[in-house]
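Listing of final.tsv; format and content: TSV, C-alpha atoms and all ligand atoms.
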chain	number	residue	atom	x	y	z
A	5	MET	CA	17.83	3.42	-5.69
A	6	LYS	CA	16.26	0.06	-6.53
A	7	VAL	CA	14.35	-1.35	-3.57
A	8	GLY	CA	14.08	-5.03	-2.67
A	9	VAL	CA	11.62	-6.02	0.06
A	10	VAL	CA	12.59	-9.21	1.88
A	11	GLY	CA	9.43	-10.82	3.29
A	12	GLY	CA	6.02	-11.04	1.65
A	13	GLY	CA	3.82	-10.91	4.75
A	14	ALA	CA	1.36	-8.09	5.40
A	15	TRP	CA	3.99	-5.49	6.33
A	16	GLY	CA	6.45	-6.38	3.57
A	17	THR	CA	3.64	-6.14	1.03
A	18	ALA	CA	2.44	-2.78	2.36
A	19	LEU	CA	6.01	-1.43	2.26
A	20	ALA	CA	6.44	-2.70	-1.30
A	21	GLN	CA	3.25	-0.83	-2.18
A	22	VAL	CA	4.78	2.40	-0.78
A	23	ALA	CA	8.16	1.84	-2.44
A	24	ALA	CA	6.56	1.02	-5.80
A	25	GLN	CA	5.28	4.60	-6.02
A	26	GLY	CA	8.93	5.56	-6.59
A	27	GLY	CA	9.80	2.84	-9.11
A	28	GLU	CA	9.88	-0.91	-9.73
A	29	THR	CA	10.18	-2.80	-6.46
A	30	LEU	CA	11.18	-6.41	-5.92
A	31	LEU	CA	9.19	-8.38	-3.31
A	32	TRP	CA	10.72	-11.64	-2.12
A	33	SER	CA	8.37	-14.07	-0.46
A	34	ARG	CA	9.04	-17.48	1.00
A	35	GLU	CA	5.70	-18.89	-0.13
A	36	PRO	CA	5.34	-19.57	-3.88
A	37	GLU	CA	1.54	-18.95	-3.47
A	38	VAL	CA	2.29	-15.33	-2.52
A	39	ALA	CA	4.43	-14.68	-5.59
A	40	GLU	CA	1.93	-16.48	-7.83
A	41	SER	CA	-1.00	-14.54	-6.42
A	42	ILE	CA	0.76	-11.18	-6.88
A	43	ALA	CA	1.94	-12.06	-10.40
A	44	ALA	CA	-1.49	-13.27	-11.50
A	45	THR	CA	-3.87	-10.85	-9.75
A	46	HIS	CA	-1.78	-8.04	-8.16
A	47	GLU	CA	-3.04	-9.12	-4.75
A	48	ASN	CA	-1.37	-10.92	-1.83
A	49	ARG	CA	-4.31	-13.17	-1.02
A	50	LEU	CA	-2.45	-14.95	1.79
A	51	PHE	CA	-1.27	-12.05	3.92
A	52	LEU	CA	-2.91	-8.82	2.68
A	53	PRO	CA	-6.15	-9.83	0.98
A	54	GLY	CA	-8.41	-7.25	-0.61
A	55	VAL	CA	-5.70	-4.67	-1.38
A	56	PRO	CA	-5.05	-4.03	-5.11
A	57	LEU	CA	-1.26	-3.84	-5.50
A	58	SER	CA	0.86	-1.72	-7.80
A	59	GLU	CA	1.89	-3.29	-11.11
A	60	ARG	CA	5.41	-2.05	-10.33
A	61	ILE	CA	5.77	-4.73	-7.61
A	62	ARG	CA	7.76	-7.61	-9.06
A	63	PRO	CA	7.30	-10.78	-6.99
A	64	THR	CA	10.00	-13.42	-6.65
A	65	THR	CA	10.80	-16.45	-4.51
A	66	ASP	CA	14.48	-16.41	-5.48
A	67	LEU	CA	16.69	-14.61	-2.97
A	68	ALA	CA	19.40	-14.32	-5.65
A	69	ASP	CA	17.25	-11.65	-7.37
A	70	LEU	CA	18.05	-9.30	-4.49
A	71	ALA	CA	21.51	-8.83	-6.00
A	72	GLN	CA	19.82	-6.34	-8.42
A	73	CYS	CA	18.74	-4.07	-5.53
A	74	ASP	CA	20.82	-1.51	-3.68
A	75	LEU	CA	18.38	-0.96	-0.79
A	76	TRP	CA	16.86	-3.91	1.08
A	77	LEU	CA	13.91	-3.60	3.42
A	78	LEU	CA	14.04	-6.59	5.80
A	79	VAL	CA	10.56	-7.65	6.87
A	80	THR	CA	10.87	-11.30	7.88
A	81	PRO	CA	9.77	-12.40	11.37
A	82	ALA	CA	12.55	-11.52	13.82
A	83	GLN	CA	13.51	-15.13	14.57
A	84	HIS	CA	14.13	-15.89	10.88
A	85	MET	CA	15.99	-12.75	9.84
A	86	ARG	CA	19.50	-14.14	10.39
A	87	ALA	CA	18.83	-17.31	8.36
A	88	VAL	CA	17.35	-15.32	5.46
A	89	LEU	CA	20.31	-12.90	5.41
A	90	GLU	CA	22.74	-15.82	5.45
A	91	ALA	CA	20.96	-17.42	2.48
A	92	ALA	CA	20.81	-14.14	0.52
A	93	PRO	CA	23.48	-12.84	-1.90
A	94	PRO	CA	26.12	-10.42	-0.52
A	95	CYS	CA	24.17	-7.70	1.30
A	96	ALA	CA	23.14	-4.41	-0.29
A	97	ALA	CA	24.95	-1.28	0.85
A	98	ALA	CA	21.90	-0.23	2.89
A	99	LEU	CA	19.70	-2.51	4.98
A	100	VAL	CA	16.56	-1.17	6.58
A	101	LEU	CA	15.14	-3.36	9.36
A	102	CYS	CA	11.35	-3.21	9.50
A	103	SER	CA	10.70	-6.23	11.76
A	104	LYS	CA	10.11	-5.95	15.49
A	105	GLY	CA	11.64	-8.34	17.98
A	106	ILE	CA	14.69	-9.71	19.78
A	107	GLU	CA	16.51	-12.82	18.54
A	108	GLU	CA	15.67	-15.49	21.11
A	109	ARG	CA	18.83	-17.58	20.75
A	110	SER	CA	21.37	-14.71	21.05
A	111	GLY	CA	19.34	-12.11	22.99
A	112	LEU	CA	20.42	-9.55	20.38
A	113	LEU	CA	18.38	-6.69	18.96
A	114	LEU	CA	17.96	-7.14	15.20
A	115	HIS	CA	20.40	-4.38	14.18
A	116	ALA	CA	23.13	-6.34	15.99
A	117	VAL	CA	22.07	-9.55	14.22
A	118	ALA	CA	22.15	-7.75	10.85
A	119	ARG	CA	25.59	-6.31	11.57
A	120	GLN	CA	26.89	-9.81	12.31
A	121	ALA	CA	25.36	-11.22	9.11
A	122	CYS	CA	26.27	-8.21	6.89
A	123	ALA	CA	29.40	-6.59	8.28
A	124	GLU	CA	29.78	-4.14	5.37
A	125	ALA	CA	26.22	-2.81	5.18
A	126	GLU	CA	24.81	0.39	6.64
A	127	VAL	CA	22.07	-0.88	8.99
A	128	MET	CA	19.01	1.30	9.68
A	129	VAL	CA	15.73	0.79	11.52
A	130	LEU	CA	12.29	1.84	10.26
A	131	SER	CA	9.67	1.63	12.99
A	132	GLY	CA	6.51	3.27	14.27
A	133	PRO	CA	2.75	2.91	14.65
A	134	THR	CA	1.98	1.32	11.29
A	135	PHE	CA	-0.81	-1.20	10.78
A	136	ALA	CA	-0.05	-2.72	7.36
A	137	HIS	CA	-3.61	-2.53	6.02
A	138	GLU	CA	-3.81	1.22	6.76
A	139	VAL	CA	-0.46	1.94	5.08
A	140	ALA	CA	-1.46	-0.14	2.05
A	141	ALA	CA	-4.69	1.85	1.84
A	142	GLY	CA	-2.69	5.10	1.73
A	143	LEU	CA	-3.91	6.39	5.12
A	144	PRO	CA	-1.66	8.96	6.87
A	145	THR	CA	1.15	7.35	8.85
A	146	ALA	CA	4.29	8.68	10.57
A	147	LEU	CA	7.34	6.66	11.49
A	148	THR	CA	11.00	6.87	12.50
A	149	LEU	CA	14.02	5.96	10.37
A	150	ALA	CA	17.10	5.59	12.55
A	151	ALA	CA	20.73	5.30	11.43
A	152	ASP	CA	23.99	5.89	13.31
A	153	ASP	CA	24.56	8.79	10.96
A	154	GLU	CA	21.37	10.62	9.95
A	155	GLU	CA	23.06	11.78	6.74
A	156	ASP	CA	23.20	8.15	5.54
A	157	ALA	CA	19.47	7.84	6.17
A	158	GLU	CA	18.44	10.93	4.19
A	159	PRO	CA	18.59	9.30	0.68
A	160	VAL	CA	16.57	6.37	2.04
A	161	ARG	CA	14.01	8.74	3.54
A	162	ALA	CA	13.81	10.61	0.25
A	163	ARG	CA	13.29	7.34	-1.70
A	164	LEU	CA	10.53	5.98	0.57
A	165	ALA	CA	8.69	9.00	1.97
A	166	ARG	CA	5.31	10.17	0.62
A	167	PRO	CA	3.12	12.95	1.97
A	168	GLU	CA	0.95	10.31	3.68
A	169	PHE	CA	3.99	8.19	4.69
A	170	ARG	CA	5.92	10.66	6.79
A	171	ILE	CA	9.40	9.64	7.90
A	172	TYR	CA	11.27	11.34	10.77
A	173	LEU	CA	15.04	10.78	11.02
A	174	SER	CA	16.85	9.74	14.19
A	175	ASP	CA	20.38	8.67	15.11
A	176	ASP	CA	19.18	6.41	17.94
A	177	VAL	CA	19.15	2.95	16.34
A	178	ALA	CA	18.83	0.96	19.58
A	179	GLY	CA	16.11	3.29	20.85
A	180	ALA	CA	14.05	2.91	17.67
A	181	GLU	CA	14.30	-0.86	17.93
A	182	VAL	CA	13.56	-1.35	21.63
A	183	GLY	CA	10.13	0.29	21.39
A	184	GLY	CA	8.86	-2.01	18.64
A	185	ALA	CA	10.19	-5.14	20.32
A	186	VAL	CA	8.85	-4.41	23.82
A	187	LYS	CA	5.44	-3.01	22.80
A	188	ASN	CA	4.48	-6.33	21.20
A	189	VAL	CA	4.74	-8.05	24.59
A	190	LEU	CA	2.81	-5.26	26.32
A	191	ALA	CA	0.08	-5.46	23.64
A	192	ILE	CA	-0.50	-9.09	24.63
A	193	ALA	CA	-1.04	-7.91	28.22
A	194	CYS	CA	-3.55	-5.27	27.05
A	195	GLY	CA	-5.40	-7.89	25.01
A	196	VAL	CA	-5.68	-10.02	28.13
A	197	VAL	CA	-7.32	-7.06	29.89
A	198	GLU	CA	-9.98	-6.88	27.18
A	199	GLY	CA	-10.49	-10.64	27.00
A	200	ARG	CA	-10.90	-10.94	30.77
A	201	GLY	CA	-13.13	-7.83	30.94
A	202	LEU	CA	-10.86	-5.90	33.32
A	203	GLY	CA	-11.86	-2.47	31.95
A	204	GLN	CA	-10.37	0.62	30.32
A	205	ASN	CA	-8.72	1.90	33.53
A	206	ALA	CA	-6.68	-1.30	33.77
A	207	ARG	CA	-5.65	-1.00	30.11
A	208	ALA	CA	-4.46	2.60	30.57
A	209	ALA	CA	-2.55	1.59	33.72
A	210	LEU	CA	-0.87	-1.23	31.79
A	211	ILE	CA	0.13	1.13	28.98
A	212	ALA	CA	1.69	3.60	31.44
A	213	ARG	CA	3.39	1.02	33.66
A	214	GLY	CA	4.40	-0.95	30.55
A	215	PHE	CA	6.01	2.18	29.17
A	216	ALA	CA	7.99	2.43	32.44
A	217	GLU	CA	9.25	-1.13	31.77
A	218	MET	CA	10.11	-0.24	28.16
A	219	THR	CA	12.02	2.81	29.37
A	220	ARG	CA	14.02	0.88	31.97
A	221	PHE	CA	15.02	-1.74	29.37
A	222	GLY	CA	15.71	0.88	26.69
A	223	LEU	CA	17.94	3.01	28.91
A	224	ALA	CA	19.98	-0.10	29.75
A	225	ARG	CA	20.49	-0.57	25.98
A	226	GLY	CA	21.66	3.04	25.53
A	227	ALA	CA	18.35	4.33	24.09
A	228	ARG	CA	17.43	7.99	24.55
A	229	PRO	CA	14.28	8.79	26.55
A	230	GLU	CA	12.88	11.00	23.76
A	231	THR	CA	13.12	8.13	21.27
A	232	LEU	CA	11.21	5.87	23.65
A	233	ALA	CA	8.56	8.58	24.06
A	234	GLY	CA	8.35	9.02	20.26
A	235	LEU	CA	6.70	7.25	17.32
A	236	SER	CA	8.65	3.98	17.56
A	237	GLY	CA	8.09	3.66	21.34
A	238	LEU	CA	5.07	5.23	23.00
A	239	GLY	CA	3.38	5.87	19.63
A	240	ASP	CA	3.48	2.22	18.63
A	241	LEU	CA	2.65	1.09	22.17
A	242	VAL	CA	-0.57	3.11	22.18
A	243	LEU	CA	-1.58	1.84	18.71
A	244	THR	CA	-0.92	-1.81	19.40
A	245	CYS	CA	-2.51	-1.75	22.86
A	246	SER	CA	-5.78	-0.33	21.52
A	247	SER	CA	-7.12	-2.54	18.78
A	248	THR	CA	-7.77	-6.10	17.69
A	249	SER	CA	-6.18	-5.08	14.38
A	250	SER	CA	-3.01	-5.98	16.30
A	251	ARG	CA	-2.16	-9.67	16.15
A	252	ASN	CA	-0.42	-9.40	19.54
A	253	TYR	CA	-3.45	-7.75	21.16
A	254	SER	CA	-5.73	-10.42	19.63
A	255	LEU	CA	-3.52	-13.19	20.99
A	256	GLY	CA	-3.77	-11.63	24.45
A	257	LYS	CA	-7.54	-11.29	24.12
A	258	GLY	CA	-7.75	-15.03	23.47
A	259	LEU	CA	-5.62	-15.73	26.56
A	260	GLY	CA	-7.88	-13.44	28.60
A	261	GLN	CA	-10.89	-15.45	27.41
A	262	GLY	CA	-9.25	-18.55	28.85
A	263	ARG	CA	-7.97	-20.20	25.66
A	264	PRO	CA	-4.59	-21.98	25.99
A	265	ALA	CA	-1.61	-20.23	24.34
A	266	ALA	CA	-0.60	-23.35	22.41
A	267	GLU	CA	-4.05	-23.56	20.80
A	268	LEU	CA	-4.02	-19.84	19.91
A	269	MET	CA	-0.54	-20.08	18.39
A	270	ALA	CA	-1.36	-23.25	16.42
A	271	ASP	CA	-4.36	-21.46	14.89
A	272	ARG	CA	-2.39	-18.69	13.24
A	273	ARG	CA	-0.42	-18.26	10.00
A	274	THR	CA	0.47	-14.64	10.78
A	275	VAL	CA	3.18	-13.74	13.26
A	276	ALA	CA	2.53	-12.40	16.80
A	277	GLU	CA	6.12	-11.35	17.57
A	278	GLY	CA	5.41	-10.69	21.26
A	279	ALA	CA	5.06	-14.42	21.88
A	280	PHE	CA	8.68	-14.94	20.77
A	281	THR	CA	10.05	-11.77	22.36
A	282	ALA	CA	8.48	-12.35	25.81
A	283	PRO	CA	10.73	-15.23	26.97
A	284	VAL	CA	13.99	-13.64	25.77
A	285	LEU	CA	13.05	-10.20	27.09
A	286	ARG	CA	12.21	-11.66	30.47
A	287	ARG	CA	15.50	-13.60	30.51
A	288	LEU	CA	17.53	-10.49	29.64
A	289	ALA	CA	15.68	-8.39	32.22
A	290	GLU	CA	16.31	-10.95	34.97
A	291	GLU	CA	19.97	-11.35	34.03
A	292	GLU	CA	20.46	-7.58	34.10
A	293	GLY	CA	18.32	-6.87	37.17
A	294	ILE	CA	15.74	-4.78	35.25
A	295	ASP	CA	12.29	-4.85	36.87
A	296	MET	CA	9.73	-5.91	34.19
A	297	PRO	CA	6.77	-7.49	36.01
A	298	ILE	CA	4.26	-7.11	33.16
A	299	VAL	CA	6.65	-8.78	30.72
A	300	ALA	CA	7.21	-11.62	33.22
A	301	ALA	CA	3.42	-12.01	33.64
A	302	VAL	CA	2.92	-12.29	29.86
A	303	ASP	CA	5.73	-14.83	29.62
A	304	ASP	CA	4.16	-16.95	32.39
A	305	MET	CA	0.72	-16.88	30.75
A	306	LEU	CA	2.13	-17.81	27.34
A	307	ALA	CA	4.16	-20.68	28.80
A	308	GLY	CA	1.11	-21.96	30.70
A	309	ARG	CA	2.91	-21.46	34.03
A	310	ALA	CA	0.22	-19.13	35.42
A	311	ARG	CA	-3.45	-18.42	34.78
A	312	VAL	CA	-4.74	-14.92	34.10
A	313	ASP	CA	-6.21	-14.54	37.60
A	314	GLU	CA	-2.94	-15.61	39.19
A	315	VAL	CA	-0.84	-13.03	37.36
A	316	LEU	CA	-3.47	-10.38	38.07
A	317	GLU	CA	-3.27	-11.08	41.79
A	318	ARG	CA	0.52	-11.04	41.59
A	319	LEU	CA	0.61	-7.65	39.85
A	320	LEU	CA	-1.97	-6.10	42.17
A	321	SER	CA	-0.18	-7.23	45.33
A	322	ARG	CA	3.24	-5.82	44.44
A	323	PRO	CA	4.67	-3.53	47.13
A	324	HIS	CA	3.71	0.15	46.87
A	325	ARG	CA	6.49	2.45	45.73
A	326	PRO	CA	7.00	5.86	44.12
A	327	GLU	CA	5.77	6.14	40.53
A	328	ARG	CA	9.18	7.33	39.30
A	329	ALA	CA	10.90	4.08	40.41
B	1	LIG	N1	1.65	-6.39	10.02
B	1	LIG	C1	1.93	-5.16	10.47
B	1	LIG	O1	1.04	-4.31	10.53
B	1	LIG	C2	3.32	-4.83	10.88
B	1	LIG	C3	4.29	-5.81	11.08
B	1	LIG	N2	5.56	-5.46	11.47
B	1	LIG	C4	6.60	-6.46	11.66
B	1	LIG	O2	6.96	-7.02	10.41
B	1	LIG	C5	7.45	-8.35	10.58
B	1	LIG	C6	6.75	-9.26	9.59
B	1	LIG	O3	5.37	-9.24	9.90
B	1	LIG	P1	4.22	-9.34	8.79
B	1	LIG	O4	4.68	-8.83	7.49
B	1	LIG	O5	3.02	-8.72	9.39
B	1	LIG	O6	4.04	-10.93	8.63
B	1	LIG	P2	2.68	-11.76	8.49
B	1	LIG	O7	2.22	-12.16	9.84
B	1	LIG	O8	1.72	-11.05	7.62
B	1	LIG	O9	3.17	-13.05	7.71
B	1	LIG	C7	4.06	-13.99	8.26
B	1	LIG	C8	5.38	-13.86	7.54
B	1	LIG	O10	6.30	-14.75	8.14
B	1	LIG	C9	7.07	-15.34	7.11
B	1	LIG	N3	7.73	-16.57	7.59
B	1	LIG	C10	7.17	-17.60	8.25
B	1	LIG	N4	8.11	-18.54	8.50
B	1	LIG	C11	9.30	-18.07	7.98
B	1	LIG	C12	10.61	-18.58	7.90
B	1	LIG	N5	10.95	-19.76	8.38
B	1	LIG	N6	11.55	-17.81	7.30
B	1	LIG	C13	11.26	-16.59	6.78
B	1	LIG	N7	10.01	-16.07	6.82
B	1	LIG	C14	9.05	-16.81	7.42
B	1	LIG	C15	6.06	-15.59	6.03
B	1	LIG	O11	6.70	-15.84	4.80
B	1	LIG	C16	5.31	-14.26	6.05
B	1	LIG	O12	6.00	-13.30	5.30
B	1	LIG	C17	7.21	-8.70	12.05
B	1	LIG	O13	8.41	-8.55	12.76
B	1	LIG	C18	6.19	-7.66	12.51
B	1	LIG	O14	6.32	-7.36	13.89
B	1	LIG	C19	5.91	-4.16	11.67
B	1	LIG	C20	5.00	-3.15	11.48
B	1	LIG	C21	3.64	-3.41	11.07
B	2	LIG	O1	3.64	-3.39	14.73
B	2	LIG	C1	2.49	-3.21	14.40
B	2	LIG	C2	1.90	-1.87	14.26
B	2	LIG	O2	2.86	-0.85	14.39
B	2	LIG	C3	1.60	-4.37	14.15
B	2	LIG	O3	1.26	-4.94	15.37
B	2	LIG	P1	0.90	-6.48	15.46
B	2	LIG	O4	2.13	-7.24	15.02
B	2	LIG	O5	0.52	-6.73	16.88
B	2	LIG	O6	-0.25	-6.73	14.53
Could I get this file's structure written as structure tokens?
Amino acid sequence: MKVGVVGGGAWGTALAQVAAQGGETLLWSREPEVAESIAATHENRLFLPGVPLSERIRPTTDLADLAQCDLWLLVTPAQHMRAVLEAAPPCAAALVLCSKGIEERSGLLLHAVARQACAEAEVMVLSGPTFAHEVAAGLPTALTLAADDEEDAEPVRARLARPEFRIYLSDDVAGAEVGGAVKNVLAIACGVVEGRGLGQNARAALIARGFAEMTRFGLARGARPETLAGLSGLGDLVLTCSSTSSRNYSLGKGLGQGRPAAELMADRRTVAEGAFTAPVLRRLAEEEGIDMPIVAAVDDMLAGRARVDEVLERLLSRPHRPERA
């Protein structure tokens, strides 16, 4: 199976590094500097500096080259995935979505966007607690590969898995996707806690109550509770809510320190998906009557509608109710 990775950011590059262990791997990037840097020095100086890359990674900026590949790993930011698929040649038989988010315009999870753009392809989701720099360094990592039919996913698992890159199969595509999309928003909230100096107890409370929000939203999308409690849900939530290695957590930390969201967003070349998922997730939750107060608080802070202390007061003065609700 020849692999083509679509997106030359940190995660696309780390995945290409994994896939290259099993054979030549195409890596499409939007930025000519990325392809030039990889071709000349076997390093992605823009998005994954300092990591020596396999010589089996073949960089390109021409989407047409993907026609040579029968397995595509899609790793563009969520909001750009549809446009890239529409500009690409007819889709490969198997598409593996590795991005995390919800399309703002349509409110769709990415597997639904991919199915609209590539009606004939088998769409799968690869997600879990996976900081790109750790995967690229060959550190042990476990993640979930979800497909409607697990049998279709097995050849993909076999092509990508390594002892230190451990892939568990699942048939819960929506469940595997919801975790990654929602945890990015919750990581911003946890970053705010650190930036504002609210303490470790508050961070743990946010993780647990955030997980309750993720579960409510996931169940409404048909996700199974055990998927949400697994690698792609709780696992990734814990990782991303714990470290400034997370771009979403770092963004939240800046907000907690009192810096305006617009300034923090203008400063960055890398993507903090939670900033784009927050408004659409809040909208969907309100339309469907799903209680997601932490997500709403993050959305208000990002939009400049409320200061950190205001949302804190709002969250702490919510009516008392049973934990299970
Ligand atoms: N970095 C990580 O550790 C992980 C990232 N992800 C997910 O992977 C996806 C990609 O993130 P990264 O590789 O980290 O990106 P990155 O933050 O390292 O780089 C930004 C990427 O956005 C692309 N981009 C910017 N504007 C674009 C446009 N108009 N059209 C197409 N592409 C555009 C750039 O070409 C570049 O590839 C995100 O959804 C992220 O949540 C998932 C797991 C781990
Ligand atoms: O998804 C990730 C780890 O699983 C990366 O998180 P950030 O996008 O917040 O850096």
Could you tell me, as an MDAnalysis selection string, which residues have any atom at most 12 Å from (10.7, 5.4, 12.2), counting only C-alpha atoms? chainID A and resid 100:104 128:134 145:151 157 160:161 164:165 169:184 231:232 234:237 239:240
May I ask which of the residues A:Asp156, A:Glu47, A:Glu327, A:Asp66 is the closest one to Glu126 (chain A), counting only C-alpha atoms? A:Asp156
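Between Leu77 (chain A) and the candidates A:Gly195, A:Gly12, A:Pro94, A:Pro53, the tightest atom-to-atom separation, counting only C-alpha atoms, involves A:Gly12.
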Residues at most 9 Å from ligand LIG 2 (chain B), using all atoms listed in the file? Could they come as a PyMOL selection string? chain A and resi 15+103-104+131-136+184-185+187-189+191-192+236+239-241+243-245+247-255+274-278
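For the set A:Leu112, A:Met85, A:Val302, A:Gly256, the residue with the smallest atom-to-atom gap to Leu268 (chain A) is A:Gly256, counting only C-alpha atoms.
Put simply, CA of Glu90 (chain A) is 25.9 Å away from CA of Ala24 (chain A).
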Atomic distance CA of Ser321 (chain A) - CA of Leu285 (chain A), expressed in Å with one decimal: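 Going from CA of Ser321 (chain A) over to CA of Leu285 (chain A) covers 22.7 Å.
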Point out the residue among A:Leu67, A:Ala116, A:Leu57, A:Ile298 with the least atom-to-atom distance to ligand LIG 1 (chain B), counting only C-alpha atoms and all ligand atoms. A:Leu67
Find the residues around Ile106 (chain A) up to 7 Å (only C-alpha atoms counted), leave out those fewer than 2 positions away in its own chain, and share them as a PyMOL selection string. chain A and resi 82+108+111-114+185+281
